[in-house]
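Inspection log for the structure reproduced underneath, given as structure tokens.
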Amino acid sequence: MARTKTNNPDRWHFTTNRNAQGLIYLYAYQTRWIPEEHTSKRTAKRYVGRVKPDGKITFSSTFLEQFPQYASGEFIYDNVEHEIIESEPSTVVPQAEENCDAPEVDSNTTTRSVGLTWAVSEIANQLQMKEDLRAVFGDDAEDLFNLALYKLSGGGAMCTYSLWFDDVVLSGGRALSGQRISEILSRITPAQVSRFYALRHQRNAAQGPRHYALDSTTISSYSKTIGDIAYGHAKRDPDLPVINYVLVTDQSTGEIIFTHTYEGSINDVAALKGILARMVDAGMCMDNVVLITDRGYSSIENVQRELNMDIKFVQGVRFAEDSVREAYIKHLPQLNKLGFYRSDLAVYGYSVNEKWYQDLDMGRIPVDLKLHLFRSPTIEHNQYHVVAEVDAVVKTRNEGKVVYADLWERTKRFITETVDKHGKKIWVRNSQKLEDWLQFEGGMALRTNAFTDPFEALRAYRMRSMVELSFNQFKNWLDGDRLRCTEATYIGKIFITTLATSLRLCMLYRASQSKKQGLEKPNDSLDTVIQTLIKLKADKRLSSNSWVRRDVPKKMRKLFELLQIEEPPRFL
């Protein structure tokens, strides 16, 4: 039988509805734009008939009375294109009428959202994340995962979790009250969290060499009971005490691979020792890992510590080290030659050998490190506008006018107050400080035992943007910027938010991968993807135990492809 589509105008659409017994009903409908409501609605809905398991259509008697041309021949419903397939083209289609005789969905059914919960659960299953949760947290694992799903879906206070739970299709878990959630979170210990991430690390490291980016941020809190809360360097809410929070992110997948909390008054340089010790104590074998840290962790002691622990690393280096400043000045001629320039990275690069020693049980052995020096002509050129800003501020202050606070903060270190020959106080440019600053502006240094090529080291270092993205998602999209809990639950609360962040990052990573195949996020927004998936519904009769997923529109099918997962099965 030749399969050809009916000659249906675009104004007609077809859809199906499956009941709890698995019977599929076919409908035809139109849409009409409602200007007052700025939306379109279905009109002229008409019951067509039943769709058999092989796709053939059995038309209703009412439909055939009105459209007898369908009484002969075989017709098949194409579920992909939402069209009627027939042996011979038909030229007649149902006409729009105000009254519709089609049976409506049974009122004894309940409807829930299934798209997002299915998508995220599938990603977690593919990554074996749920398996690791069960291995560590046992009976609480399903509830912890659902709590992370709740945060990912835009959930706020835990007291509304049960309302969300009753509106989605989940594979397990319970509708928990706020008290029960607090009890679950209070059972989570730092040792369990470390063990979970050690399992995640083992799975990732087994796939080949990994680059891990490590960085920390501060989380503010009003709590008076959390022991690690202390006044430190808070970028936001400087009047509140903070806790320091470290994230280690796999730069290849976006997944958060380790976390650690410590007292808010401890700076990054001093904290690295404890972070590395926690990673090793958790059972994380670092043989297949390159650890990447920024200049905030830069110190001679930390380099020696990483060498002694036999960790491969790339560390951003401050120009505060005399040896680094001297090396940069010495090799400025090379950093101005085109032979050392890479246009794709827009930097000059030059490498210097450094002699270090590794302390082992058998004694000290010499090791070679690379100090990679870089100069960015673009940054260097752009920074010369600071000279003009300094001169403008000096002129404004001497005229007795007000200088904007942000402009003064940028320039005050290059301005000095002095007295002129008449004894009058004036402001002048501190040219020496400005020259010292400009000499190294546009310059950068990396110290590593993992890359001999400076540009390969720089590529790996620039991928640190993944950990910055992690903090952005954690704080701005998942409400992790401030703790609203007590000592008993804060470890669990942070863990849930971090798990949701990790899942969101995995979604972003898969979407970026799919872009190579021509698939893109609608509006270039993951939130649009999430909100669209939430719209996919499933129905269940009150007398049935199975959920029946509604038809998946083409645009939504593209989102499942974007996330590299299959769409939900018809029956759940």
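By convention here, the chains of the structure tokens are called A, B, ... in the order presented, each chain's residues are numbered starting at 1, and ligands are numbered starting at 1 in the order presented.
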For Val387 in chain A: contacts at 10 Å, only C-alpha atoms, fewer than 6 positions along chain excluded, given as number ranges by chain: A: 393, 411, 414, 429, 431, 434-435, 438
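Near Ala119 in chain A, within 9 Å and counting only C-alpha atoms, sit Val114, Gly115, Leu116, Glu122, Ile123, Ala124, Leu533, Phe560, Leu563, Ile565, Glu566, Glu567 and Pro568 of chain A, not including residues fewer than 3 positions from it in the same chain.
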Let me see the file: selected residues, N, CA and C atoms, as a PDB file, in the first residue's frame.
```pdb
ATOM      1  N   VAL A 114       6.002  15.807  33.658  1.00  0.00           N
ATOM      2  CA  VAL A 114       6.925  14.671  33.577  1.00  0.00           C
ATOM      3  C   VAL A 114       8.211  14.993  32.818  1.00  0.00           C
ATOM      4  N   GLY A 115       8.194  16.043  31.979  1.00  0.00           N
ATOM      5  CA  GLY A 115       9.321  16.282  31.077  1.00  0.00           C
ATOM      6  C   GLY A 115      10.640  16.547  31.762  1.00  0.00           C
ATOM      7  N   LEU A 116      10.674  17.513  32.689  1.00  0.00           N
ATOM      8  CA  LEU A 116      11.938  17.888  33.322  1.00  0.00           C
ATOM      9  C   LEU A 116      12.425  16.800  34.268  1.00  0.00           C
ATOM     10  N   GLU A 122      17.183  10.887  33.785  1.00  0.00           N
ATOM     11  CA  GLU A 122      17.896  10.118  32.768  1.00  0.00           C
ATOM     12  C   GLU A 122      19.369  10.511  32.704  1.00  0.00           C
ATOM     13  N   ILE A 123      19.643  11.813  32.780  1.00  0.00           N
ATOM     14  CA  ILE A 123      21.043  12.268  32.785  1.00  0.00           C
ATOM     15  C   ILE A 123      21.769  11.689  33.996  1.00  0.00           C
ATOM     16  N   ALA A 124      21.119  11.737  35.161  1.00  0.00           N
ATOM     17  CA  ALA A 124      21.728  11.192  36.380  1.00  0.00           C
ATOM     18  C   ALA A 124      21.955   9.692  36.270  1.00  0.00           C
ATOM     19  N   LEU A 533      10.341  21.952  29.154  1.00  0.00           N
ATOM     20  CA  LEU A 533      10.218  20.543  29.549  1.00  0.00           C
ATOM     21  C   LEU A 533       9.168  20.357  30.640  1.00  0.00           C
ATOM     22  N   PHE A 560      14.993  17.056  23.960  1.00  0.00           N
ATOM     23  CA  PHE A 560      15.536  15.784  24.448  1.00  0.00           C
ATOM     24  C   PHE A 560      16.787  15.404  23.649  1.00  0.00           C
ATOM     25  N   LEU A 563      19.720  17.418  24.920  1.00  0.00           N
ATOM     26  CA  LEU A 563      20.279  16.895  26.170  1.00  0.00           C
ATOM     27  C   LEU A 563      20.799  15.469  26.023  1.00  0.00           C
ATOM     28  N   ILE A 565      19.309  12.556  25.371  1.00  0.00           N
ATOM     29  CA  ILE A 565      18.540  11.512  26.042  1.00  0.00           C
ATOM     30  C   ILE A 565      17.305  11.204  25.209  1.00  0.00           C
ATOM     31  N   GLU A 566      16.692  10.038  25.482  1.00  0.00           N
ATOM     32  CA  GLU A 566      15.450   9.666  24.820  1.00  0.00           C
ATOM     33  C   GLU A 566      14.284  10.381  25.493  1.00  0.00           C
ATOM     34  N   GLU A 567      13.199  10.569  24.722  1.00  0.00           N
ATOM     35  CA  GLU A 567      11.999  11.137  25.317  1.00  0.00           C
ATOM     36  C   GLU A 567      11.350  10.102  26.232  1.00  0.00           C
ATOM     37  N   PRO A 568      10.529  10.527  27.170  1.00  0.00           N
ATOM     38  CA  PRO A 568       9.919   9.577  28.107  1.00  0.00           C
ATOM     39  C   PRO A 568       9.091   8.529  27.365  1.00  0.00           C
TER      40      PRO A 568
END
```
Using only C-alpha atoms: which of A:Leu505, A:Leu199, A:Leu127, A:Val280 has the shortest distance to Phe471 in chain A: A:Leu505
Pick from A:Ile226, A:Val290, A:Leu371, A:Ala198, whichever lies nearest to Thr261 in chain A using only C-alpha atoms: A:Ile226
Best match for closeness to Phe258 in chain A among A:Gln179, A:Thr498, A:Asn472, A:Gln126, counting only C-alpha atoms: A:Thr498
Expected answer as a ChimeraX atom specification: alpha helix (DSSP H) residues in range 165-351 of chain A: /A:165,178-186,190-205,268-281,300-308,322-330
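Of the residues listed (A:Asp310, A:Asp453, A:Asp250, A:Asp215), A:Asp310 shows the shortest atom-to-atom separation from Leu360 in chain A; distances use only C-alpha atoms.
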Considering only C-alpha atoms, give me a table of residues in range 219-321 of chain A that are at most 8 Å from range 483-489 of chain A, with the closest atom pair and distance in Å for each, as JSON lines.
```
{"residue": "A:Ile219", "atom": "CA", "partner": "A:Leu483", "partner_atom": "CA", "distance": 6.8}
{"residue": "A:Ser220", "atom": "CA", "partner": "A:Leu483", "partner_atom": "CA", "distance": 6.2}
{"residue": "A:Ser221", "atom": "CA", "partner": "A:Leu483", "partner_atom": "CA", "distance": 4.8}
{"residue": "A:Tyr222", "atom": "CA", "partner": "A:Arg484", "partner_atom": "CA", "distance": 7.1}
{"residue": "A:Ser223", "atom": "CA", "partner": "A:Thr486", "partner_atom": "CA", "distance": 6.3}
{"residue": "A:Lys224", "atom": "CA", "partner": "A:Thr486", "partner_atom": "CA", "distance": 7.9}
{"residue": "A:Thr225", "atom": "CA", "partner": "A:Glu487", "partner_atom": "CA", "distance": 5.4}
{"residue": "A:Ile226", "atom": "CA", "partner": "A:Glu487", "partner_atom": "CA", "distance": 4.3}
{"residue": "A:Gly227", "atom": "CA", "partner": "A:Glu487", "partner_atom": "CA", "distance": 7.0}
```
